[in-house]
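As stored in work-v5.csv (CSV, C-alpha atoms and all ligand atoms):
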```
chain,number,residue,atom,x,y,z
E,1,MET,CA,16.3,-62.3,197.3
E,2,ILE,CA,18.6,-64.7,199.1
E,3,ARG,CA,19.7,-63.2,202.4
E,4,SER,CA,21.4,-66.0,204.2
E,5,LEU,CA,21.8,-69.7,204.8
E,6,ALA,CA,18.9,-70.6,207.1
E,7,TYR,CA,19.4,-74.3,207.6
E,8,VAL,CA,20.9,-77.5,206.1
E,9,GLY,CA,19.8,-81.1,206.2
E,10,PHE,CA,21.8,-84.3,205.5
E,11,THR,CA,21.0,-88.0,205.3
E,12,SER,CA,23.3,-90.5,206.9
E,13,PRO,CA,23.4,-94.1,208.1
E,14,ASN,CA,25.2,-92.7,211.1
E,15,ALA,CA,22.7,-90.1,212.1
E,16,LYS,CA,22.5,-91.2,215.7
E,17,GLU,CA,26.2,-90.5,216.2
E,18,TRP,CA,25.4,-86.8,215.9
E,19,ARG,CA,23.6,-87.1,219.2
E,20,SER,CA,27.0,-86.9,220.9
E,21,PHE,CA,29.0,-85.3,218.0
E,22,GLY,CA,26.7,-82.3,217.8
E,23,PRO,CA,26.5,-81.2,221.4
E,24,GLU,CA,29.8,-82.6,222.8
E,25,VAL,CA,32.2,-81.7,220.0
E,26,LEU,CA,30.5,-78.8,218.1
E,27,GLY,CA,28.7,-77.3,221.2
E,28,ALA,CA,25.3,-77.4,219.4
E,29,GLN,CA,22.1,-78.0,221.3
E,30,LEU,CA,20.1,-81.1,220.7
E,31,VAL,CA,16.4,-80.5,219.9
E,32,PRO,CA,13.7,-83.1,220.5
E,33,SER,CA,12.9,-84.7,217.1
E,34,GLU,CA,11.4,-87.6,215.2
E,35,PRO,CA,13.1,-90.9,216.1
E,36,GLY,CA,16.1,-91.5,213.8
E,37,ASP,CA,16.6,-87.8,213.1
E,38,VAL,CA,19.1,-85.6,214.9
E,39,VAL,CA,18.2,-81.9,215.0
E,40,LEU,CA,20.5,-79.2,216.3
E,41,ARG,CA,20.4,-75.6,217.3
E,42,VAL,CA,23.3,-73.1,217.3
E,43,ASP,CA,21.4,-70.0,218.2
E,44,GLU,CA,17.9,-68.6,218.9
E,45,ALA,CA,16.4,-70.2,215.8
E,46,ALA,CA,14.3,-73.4,216.5
E,47,TRP,CA,16.8,-75.5,214.6
E,48,ARG,CA,19.6,-75.1,212.0
E,49,ILE,CA,21.1,-78.5,211.2
E,50,ALA,CA,19.2,-81.8,210.7
E,51,ILE,CA,20.7,-85.3,210.1
E,52,HIS,CA,18.1,-87.7,208.9
E,53,GLN,CA,18.6,-91.5,209.1
E,54,GLY,CA,19.2,-92.7,205.5
E,55,ASP,CA,21.0,-95.3,203.4
E,56,THR,CA,23.8,-93.0,202.2
E,57,ASN,CA,25.8,-90.0,203.4
E,58,ASP,CA,24.4,-87.1,201.4
E,59,LEU,CA,23.3,-83.5,201.4
E,60,GLY,CA,19.5,-83.6,201.6
E,61,TYR,CA,18.6,-79.9,201.3
E,62,ILE,CA,19.9,-76.4,201.7
E,63,GLY,CA,17.5,-73.9,203.2
E,64,TRP,CA,17.8,-70.2,202.2
E,65,ASP,CA,16.3,-67.3,203.9
E,66,VAL,CA,14.7,-65.0,201.3
E,67,GLY,CA,13.5,-62.5,203.9
E,68,ASP,CA,9.8,-62.3,203.2
E,69,ALA,CA,6.9,-63.1,200.8
E,70,GLY,CA,8.3,-60.5,198.3
E,71,GLY,CA,11.7,-62.1,198.4
E,72,LEU,CA,10.2,-65.5,197.7
E,73,GLU,CA,8.2,-64.1,194.8
E,74,VAL,CA,11.3,-62.4,193.2
E,75,ALA,CA,13.5,-65.5,193.6
E,76,THR,CA,10.7,-67.8,192.2
E,77,ARG,CA,10.2,-65.5,189.2
E,78,GLN,CA,13.9,-65.2,188.4
E,79,LEU,CA,14.3,-69.0,188.5
E,80,ALA,CA,11.3,-69.4,186.3
E,81,ASP,CA,12.6,-66.8,183.9
E,82,ALA,CA,15.9,-68.6,183.7
E,83,GLY,CA,13.9,-71.8,182.8
E,84,HIS,CA,14.1,-73.6,186.2
E,85,SER,CA,10.9,-74.9,187.7
E,86,VAL,CA,10.2,-74.0,191.3
E,87,ASN,CA,8.0,-76.4,193.3
E,88,GLN,CA,5.6,-75.0,195.9
E,89,GLY,CA,6.2,-76.8,199.1
E,90,GLU,CA,4.0,-79.8,199.6
E,91,ALA,CA,1.5,-79.8,202.5
E,92,GLY,CA,3.3,-80.1,205.8
E,93,LEU,CA,6.7,-79.2,204.6
E,94,ALA,CA,6.7,-75.6,205.9
E,95,ALA,CA,5.6,-77.0,209.3
E,96,ASP,CA,8.3,-79.7,209.2
E,97,ARG,CA,11.0,-77.0,208.5
E,98,GLN,CA,9.3,-74.6,211.0
E,99,VAL,CA,9.1,-71.8,208.5
E,100,GLU,CA,6.4,-69.4,207.4
E,101,ALA,CA,6.5,-70.4,203.7
E,102,ILE,CA,8.6,-72.7,201.5
E,103,ALA,CA,9.3,-73.4,197.8
E,104,TRP,CA,12.1,-75.6,196.4
E,105,PHE,CA,14.1,-76.3,193.3
E,106,SER,CA,16.9,-78.5,192.1
E,107,ASP,CA,20.1,-76.7,190.8
E,108,PRO,CA,21.8,-77.9,187.6
E,109,PHE,CA,23.8,-80.4,189.6
E,110,GLY,CA,20.9,-82.0,191.5
E,111,PHE,CA,21.3,-80.3,194.9
E,112,ARG,CA,17.9,-79.4,196.5
E,113,HIS,CA,17.5,-75.8,197.5
E,114,GLU,CA,14.6,-74.6,199.7
E,115,LEU,CA,13.6,-70.9,199.6
E,116,THR,CA,12.0,-69.9,202.9
E,117,TYR,CA,11.4,-67.1,205.3
E,118,GLY,CA,10.3,-66.8,208.9
E,119,LEU,CA,12.3,-69.7,210.4
E,120,HIS,CA,10.7,-70.0,213.9
E,121,GLN,CA,12.5,-68.9,217.0
E,122,ALA,CA,12.9,-71.3,219.9
E,123,ALA,CA,10.9,-70.7,223.0
E,124,GLU,CA,14.0,-71.3,225.2
E,125,PRO,CA,17.3,-69.4,224.9
E,126,PHE,CA,20.2,-71.2,223.2
E,127,ALA,CA,22.1,-73.5,225.6
E,128,PRO,CA,25.4,-74.9,224.1
E,129,GLY,CA,25.9,-78.6,224.4
E,130,ARG,CA,29.2,-78.2,226.2
E,131,ALA,CA,31.1,-75.3,227.9
E,132,MET,CA,31.7,-72.4,225.6
E,133,GLU,CA,33.0,-68.9,226.2
E,134,GLY,CA,30.8,-67.4,223.5
E,135,GLY,CA,28.2,-68.5,221.1
E,136,PHE,CA,27.9,-69.1,217.4
E,137,LEU,CA,28.2,-66.2,215.0
E,138,THR,CA,25.0,-66.3,212.9
E,139,GLY,CA,22.5,-63.3,212.7
E,140,GLU,CA,22.7,-61.4,209.4
E,141,GLY,CA,25.4,-63.8,208.2
E,142,GLY,CA,23.2,-66.9,208.6
E,143,LEU,CA,24.2,-70.3,209.7
E,144,GLY,CA,27.7,-70.4,208.2
E,145,HIS,CA,28.9,-71.6,204.8
E,146,LEU,CA,28.8,-74.7,202.6
E,147,VAL,CA,31.5,-75.8,200.1
E,148,LEU,CA,30.2,-78.1,197.4
E,149,MET,CA,32.0,-80.0,194.7
E,150,VAL,CA,30.7,-79.7,191.2
E,151,PRO,CA,32.0,-80.7,187.8
E,152,ASP,CA,31.9,-77.1,186.4
E,153,VAL,CA,32.7,-74.2,188.7
E,154,ASP,CA,31.8,-71.6,186.1
E,155,GLN,CA,28.4,-73.1,185.4
E,156,ALA,CA,27.7,-73.3,189.1
E,157,SER,CA,28.7,-69.8,190.0
E,158,GLN,CA,27.0,-68.4,186.9
E,159,PHE,CA,23.7,-70.0,188.1
E,160,PHE,CA,24.0,-68.6,191.6
E,161,GLN,CA,25.2,-65.2,190.6
E,162,GLU,CA,22.9,-64.5,187.7
E,163,THR,CA,19.8,-66.3,188.8
E,164,LEU,CA,20.0,-65.8,192.6
E,165,GLY,CA,22.0,-62.7,193.0
E,166,PHE,CA,25.1,-64.0,194.8
E,167,GLY,CA,28.3,-61.9,194.6
E,168,HIS,CA,31.7,-63.2,193.7
E,169,SER,CA,34.2,-62.7,196.6
E,170,ASP,CA,37.2,-64.4,195.2
E,171,ASP,CA,38.9,-67.5,193.7
E,172,VAL,CA,41.6,-69.8,195.1
E,173,ASP,CA,43.5,-71.6,192.4
E,174,MET,CA,46.1,-74.2,193.4
E,175,GLY,CA,45.5,-76.7,190.7
E,176,ILE,CA,42.0,-77.2,191.9
E,177,GLN,CA,39.8,-74.1,191.5
E,178,VAL,CA,37.6,-73.0,194.3
E,179,ARG,CA,35.1,-70.1,193.8
E,180,PHE,CA,33.7,-68.2,196.8
E,181,LEU,CA,30.3,-66.5,196.7
E,182,HIS,CA,28.5,-64.2,199.2
E,183,CYS,CA,24.9,-63.2,199.8
E,184,ASN,CA,25.5,-61.0,202.9
E,185,PRO,CA,28.6,-59.6,204.6
E,186,ARG,CA,29.9,-63.1,205.5
E,187,HIS,CA,32.9,-63.6,203.2
E,188,HIS,CA,31.3,-66.6,201.6
E,189,THR,CA,28.1,-68.6,202.2
E,190,LEU,CA,28.5,-70.9,199.2
E,191,ALA,CA,31.7,-72.1,197.5
E,192,PHE,CA,32.3,-74.5,194.7
E,193,SER,CA,35.3,-76.7,194.1
E,194,GLY,CA,35.7,-78.2,190.6
E,195,VAL,CA,35.9,-82.0,190.4
E,196,PRO,CA,35.3,-83.3,186.9
E,197,GLY,CA,32.3,-85.7,186.6
E,198,MET,CA,31.5,-85.5,190.3
E,199,VAL,CA,29.2,-83.8,192.7
E,200,GLY,CA,29.6,-83.7,196.5
E,201,VAL,CA,29.8,-81.9,199.8
E,202,HIS,CA,33.2,-80.9,201.1
E,203,HIS,CA,32.3,-79.0,204.3
E,204,LEU,CA,29.9,-77.0,206.4
E,205,MET,CA,31.5,-74.1,208.3
E,206,LEU,CA,30.3,-73.0,211.7
E,207,GLU,CA,31.8,-69.8,213.1
E,208,VAL,CA,32.0,-69.1,216.8
E,209,GLU,CA,32.5,-65.8,218.5
E,210,ARG,CA,35.6,-66.6,220.5
E,211,SER,CA,38.8,-68.2,219.1
E,212,HIS,CA,39.1,-69.9,222.6
E,213,ASP,CA,36.1,-72.0,221.6
E,214,VAL,CA,37.9,-73.1,218.4
E,215,VAL,CA,40.9,-74.3,220.4
E,216,SER,CA,38.8,-76.0,223.0
E,217,ALA,CA,36.9,-77.9,220.3
E,218,TYR,CA,40.3,-78.9,218.7
E,219,ASP,CA,41.3,-80.2,222.1
E,220,ILE,CA,38.1,-82.3,222.4
E,221,VAL,CA,38.6,-83.7,218.8
E,222,ASN,CA,42.2,-84.7,219.7
E,223,GLU,CA,41.3,-86.2,223.0
E,224,ARG,CA,38.6,-88.4,221.3
E,225,ASP,CA,41.1,-89.3,218.5
E,226,MET,CA,38.7,-88.1,215.8
E,227,THR,CA,39.8,-87.6,212.2
E,228,ILE,CA,41.1,-84.1,211.6
E,229,ALA,CA,40.9,-83.3,207.9
E,230,MET,CA,42.9,-80.1,208.3
E,231,THR,CA,44.8,-79.0,211.4
E,232,LEU,CA,44.4,-75.5,212.9
E,233,GLY,CA,45.3,-72.8,210.4
E,234,ARG,CA,44.3,-69.5,208.9
E,235,HIS,CA,42.8,-69.1,205.5
E,236,THR,CA,44.2,-66.6,203.0
E,237,ASN,CA,40.9,-65.2,201.6
E,238,ASP,CA,38.5,-65.0,204.5
E,239,GLY,CA,41.2,-64.9,207.2
E,240,MET,CA,39.3,-67.6,209.2
E,241,PHE,CA,41.2,-69.3,212.1
E,242,SER,CA,39.9,-72.8,211.9
E,243,PHE,CA,40.3,-76.6,211.7
E,244,TYR,CA,38.3,-79.3,209.9
E,245,VAL,CA,36.9,-82.4,211.6
E,246,ARG,CA,35.5,-85.4,209.8
E,247,THR,CA,31.8,-85.7,210.9
E,248,PRO,CA,30.2,-89.2,211.4
E,249,SER,CA,28.6,-88.6,208.0
E,250,GLY,CA,31.7,-88.5,205.7
E,251,PHE,CA,31.9,-84.7,205.2
E,252,GLU,CA,33.9,-82.1,207.2
E,253,VAL,CA,32.8,-79.4,209.6
E,254,GLU,CA,35.1,-76.4,209.5
E,255,TYR,CA,35.0,-74.9,213.0
E,256,GLY,CA,36.4,-71.4,213.1
E,257,ALA,CA,36.5,-67.8,214.3
E,258,GLY,CA,37.6,-64.4,213.2
E,259,ALA,CA,36.8,-64.3,209.5
E,260,ARG,CA,36.8,-61.0,207.8
E,261,LEU,CA,33.6,-59.6,206.2
E,262,VAL,CA,33.0,-58.4,202.6
E,263,ASP,CA,31.5,-55.0,201.8
E,264,THR,CA,28.4,-56.0,199.8
E,265,SER,CA,27.7,-52.4,198.7
E,266,ALA,CA,31.1,-52.0,197.0
E,267,ASN,CA,31.7,-53.2,193.5
E,268,THR,CA,35.1,-54.7,194.4
E,269,PRO,CA,36.5,-56.9,191.7
E,270,PRO,CA,36.9,-60.6,192.9
E,271,GLY,CA,40.3,-61.4,194.5
E,272,HIS,CA,42.7,-64.2,193.4
E,273,TYR,CA,44.8,-66.4,195.7
E,274,ASP,CA,47.2,-69.2,194.8
E,275,SER,CA,47.0,-70.8,198.2
E,276,VAL,CA,44.3,-71.7,200.7
E,277,SER,CA,46.1,-70.9,204.0
E,278,VAL,CA,48.5,-68.4,205.4
E,279,TRP,CA,49.7,-71.1,207.9
E,280,GLY,CA,48.6,-74.5,209.1
E,281,HIS,CA,45.5,-76.4,207.8
E,282,GLU,CA,47.8,-79.4,207.2
E,283,PRO,CA,46.1,-82.6,205.9
E,284,PRO,CA,46.5,-85.9,207.9
E,285,ALA,CA,49.6,-88.1,207.2
E,286,GLU,CA,47.3,-90.7,205.7
E,287,ARG,CA,45.5,-89.3,202.7
E,288,LEU,CA,41.8,-88.6,203.4
E,289,PHE,CA,39.1,-88.8,200.7
E,290,PRO,CA,37.7,-85.3,200.5
E,291,GLY,CA,34.1,-85.3,201.8
E,292,ILE,CA,31.1,-86.9,200.2
E,293,LEU,CA,31.7,-87.4,196.5
E,294,ARG,CA,29.7,-89.3,193.9
E,295,SER,CA,29.5,-89.5,190.1
E,296,ILE,CA,27.1,-87.1,188.6
E,297,GLU,CA,24.0,-88.8,187.3
E,298,ALA,CA,23.6,-88.4,183.5
G,1,FE,FE,35.4,-73.1,204.7
```

Would you kindly transcribe this structure into structure tokens?
Amino acid sequence: MIRSLAYVGFTSPNAKEWRSFGPEVLGAQLVPSEPGDVVLRVDEAAWRIAIHQGDTNDLGYIGWDVGDAGGLEVATRQLADAGHSVNQGEAGLAADRQVEAIAWFSDPFGFRHELTYGLHQAAEPFAPGRAMEGGFLTGEGGLGHLVLMVPDVDQASQFFQETLGFGHSDDVDMGIQVRFLHCNPRHHTLAFSGVPGMVGVHHLMLEVERSHDVVSAYDIVNERDMTIAMTLGRHTNDGMFSFYVRTPSGFEVEYGAGARLVDTSANTPPGHYDSVSVWGHEPPAERLFPGILRSIEA
């Protein structure tokens, strides 16, 4: 079944700004791509993040690694059994995404999910776009995590737990409910924040190996006077030391290190927290609209 977050694609009118934001701020490596697109590497995979030129800031697709042909078959069957149609990838899609095989479906909120395996490795070793002490923490834990906004957290988590086998790590409830789900030892790969009548993207988290690289990224963001959605801080549930920067495309990147892992073999009951952070993670003085948010289509 789903093993990890393989890649993620966004659309944005500001795609070209990622040509500097990706390498110079995040430390990602720019990959040659179609004109208008910005494609980034963070490890030995051929690519991990794509920003496509488009009319609006939006999440285009989420790519999931299902391991192999057997994993793709199981995931497709479970979705079909639960009444969700799975589309076989159109001709050329697997080649575009640089994977061995692909199928896709829309979740109950309209987000597009791609089930894949065999994401190609790059011919050249990963070279960060700016000086870094270490690299990005990917491997078994995948690219990172995504936090989406949905009108109904229970419906969202039920779909991903029951149909796609995600585990429930914990909830944070501080007026707004956030539910954290895992599909590997990374504390969460997908999380949902409840916003009535709306869907959206709050943030993409990228984890680096060394906390030094979090602080140096923070320094770059401050030097460039970029919008910080949350200052440096440490989360209660995954223990991540991180900050949040507003990307050129209206959502946040959480840039962090040092998160704790979950034991996926243990049947640990989900935890509950009434705050997001142990310290820090302060919002800006001027209130910032949280990520990309739009009314759900009827
Ligand atoms: Fe996060």

Can you tell me which residues come within 8 Å of ligand FE 1 (chain G) when counting all atoms listed in the file, ideally as a ChimeraX atom specification?
/E:145-147,203-205,254

Select, from E:Leu72, E:Ile62, E:Ser216, E:Glu114, the residue with the minimum atom-to-atom distance to Glu90 in chain E, counting only C-alpha atoms.
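Ranked by minimum distance to Glu90 in chain E, first place goes to E:Glu114.
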
Write out as number ranges by chain the residues lying within 6 Å of Thr231 in chain E, counting only C-alpha atoms and excluding same-chain residues fewer than 5 positions away.
E: 243, 281-282

Please tell me which residues are no farther than 9 Å from (32.3, -65.4, 223.9) in the file, counting all atoms listed in the file, and write them as a PyMOL selection string.
chain E and resi 132-136+208-213

Please provide the set of residues having any atom within 9 Å of range 79-83 of chain E, restricted to all atoms listed in the file, with same-chain residues fewer than 2 positions apart removed, written as a list of chain:residue names.
E:Val74, E:Ala75, E:Thr76, E:Arg77, E:Ser85, E:Val86, E:Phe105, E:Thr163, E:Leu164

E:Asn222, E:Thr189, E:Gln29, E:Gln53: which is nearest Arg130 in chain E, counting only C-alpha atoms?
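Closest residue, counting only C-alpha atoms: E:Gln29.
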
Could you give me, as a ChimeraX atom specification, the residues within 8 Å of Ala101 in chain E, counting only C-alpha atoms and dropping anything in the same chain fewer than 2 positions from it?
/E:69,89,94,99,103,116-118

Minimum-distance residue to Glu286 in chain E, chosen among E:Val215, E:Ala15, E:Ile228, E:Val201 (using only C-alpha atoms):
E:Ile228

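Of the residues listed (E:Arg19, E:Ser106, E:Ser12, E:Arg97), E:Ser12 shows the shortest atom-to-atom separation from Asp55 in chain E; distances use all atoms listed in the file.
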
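Take the candidates E:Pro290, E:Gly142, E:Gly110, E:Gly167 and check each one against Gly67 in chain E using all atoms listed in the file; the shortest distance goes to E:Gly142.
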
Near Ser169 in chain E, counting only C-alpha atoms, which residues have an atom at most 10 Å away, once you skip same-chain residues fewer than 6 positions from it, shown as a list of chain:residue names?
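Listing them by chain and then by number gives E:Arg179, E:Phe180, E:Leu181, E:His182, E:Cys183, E:Arg186, E:His187, E:His188, E:Ala191, E:Asn237, E:Asp238, E:Val262, E:Asp263, E:Thr264, E:Thr268, E:Pro269, E:Pro270, E:Gly271, E:His272.
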
If you keep C-alpha atoms, can you produce a file of those selected residues as a PDB file, in the coordinates of the input?
```pdb
ATOM      1  CA  ARG E 179      35.100 -70.100 193.800  1.00  0.00           C
ATOM      2  CA  PHE E 180      33.700 -68.200 196.800  1.00  0.00           C
ATOM      3  CA  LEU E 181      30.300 -66.500 196.700  1.00  0.00           C
ATOM      4  CA  HIS E 182      28.500 -64.200 199.200  1.00  0.00           C
ATOM      5  CA  CYS E 183      24.900 -63.200 199.800  1.00  0.00           C
ATOM      6  CA  ARG E 186      29.900 -63.100 205.500  1.00  0.00           C
ATOM      7  CA  HIS E 187      32.900 -63.600 203.200  1.00  0.00           C
ATOM      8  CA  HIS E 188      31.300 -66.600 201.600  1.00  0.00           C
ATOM      9  CA  ALA E 191      31.700 -72.100 197.500  1.00  0.00           C
ATOM     10  CA  ASN E 237      40.900 -65.200 201.600  1.00  0.00           C
ATOM     11  CA  ASP E 238      38.500 -65.000 204.500  1.00  0.00           C
ATOM     12  CA  VAL E 262      33.000 -58.400 202.600  1.00  0.00           C
ATOM     13  CA  ASP E 263      31.500 -55.000 201.800  1.00  0.00           C
ATOM     14  CA  THR E 264      28.400 -56.000 199.800  1.00  0.00           C
ATOM     15  CA  THR E 268      35.100 -54.700 194.400  1.00  0.00           C
ATOM     16  CA  PRO E 269      36.500 -56.900 191.700  1.00  0.00           C
ATOM     17  CA  PRO E 270      36.900 -60.600 192.900  1.00  0.00           C
ATOM     18  CA  GLY E 271      40.300 -61.400 194.500  1.00  0.00           C
ATOM     19  CA  HIS E 272      42.700 -64.200 193.400  1.00  0.00           C
TER      20      HIS E 272
END
```

Go through E:His202, E:Pro248, E:Pro196, E:Ala95 one by one, measure the shortest atom-to-atom distance of each to Lys16 in chain E using all atoms listed in the file, and give the residue with the smallest value.
E:Pro248

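Distance-wise, CA of Trp64 in chain E and CA of Gly141 in chain E end up 11.6 Å apart.
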
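Between CA of Gln177 in chain E and CA of Tyr273 in chain E there is a distance of 10.1 Å.
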
Around range 168-187 of chain E, fit a box with edges along x, y and z, padding it by 6 Å on each side, then list its centre and edge lengths in Å to one decimal as AutoDock Vina command-line options.
```
--center_x 35.5 --center_y -68.4 --center_z 198.1 --size_x 33.2 --size_y 29.6 --size_z 26.8
```

Env of Leu288 in chain E: 12 Å cut, atoms = only C-alpha atoms, seq-sep filter 6 positions within chain, self excluded. Answer as a CSV table (one decimal) with C-alpha atoms, in the coordinates of the input.
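New file out-v6.csv:
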```csv
chain,number,residue,atom,x,y,z
E,202,HIS,CA,33.2,-80.9,201.1
E,227,THR,CA,39.8,-87.6,212.2
E,228,ILE,CA,41.1,-84.1,211.6
E,229,ALA,CA,40.9,-83.3,207.9
E,230,MET,CA,42.9,-80.1,208.3
E,244,TYR,CA,38.3,-79.3,209.9
E,245,VAL,CA,36.9,-82.4,211.6
E,246,ARG,CA,35.5,-85.4,209.8
E,250,GLY,CA,31.7,-88.5,205.7
E,251,PHE,CA,31.9,-84.7,205.2
E,252,GLU,CA,33.9,-82.1,207.2
E,282,GLU,CA,47.8,-79.4,207.2
```

Mind giving me the straight-line distance from CA of Ile49 in chain E to CA of Val8 in chain E in Å, one decimal?
5.2 Å
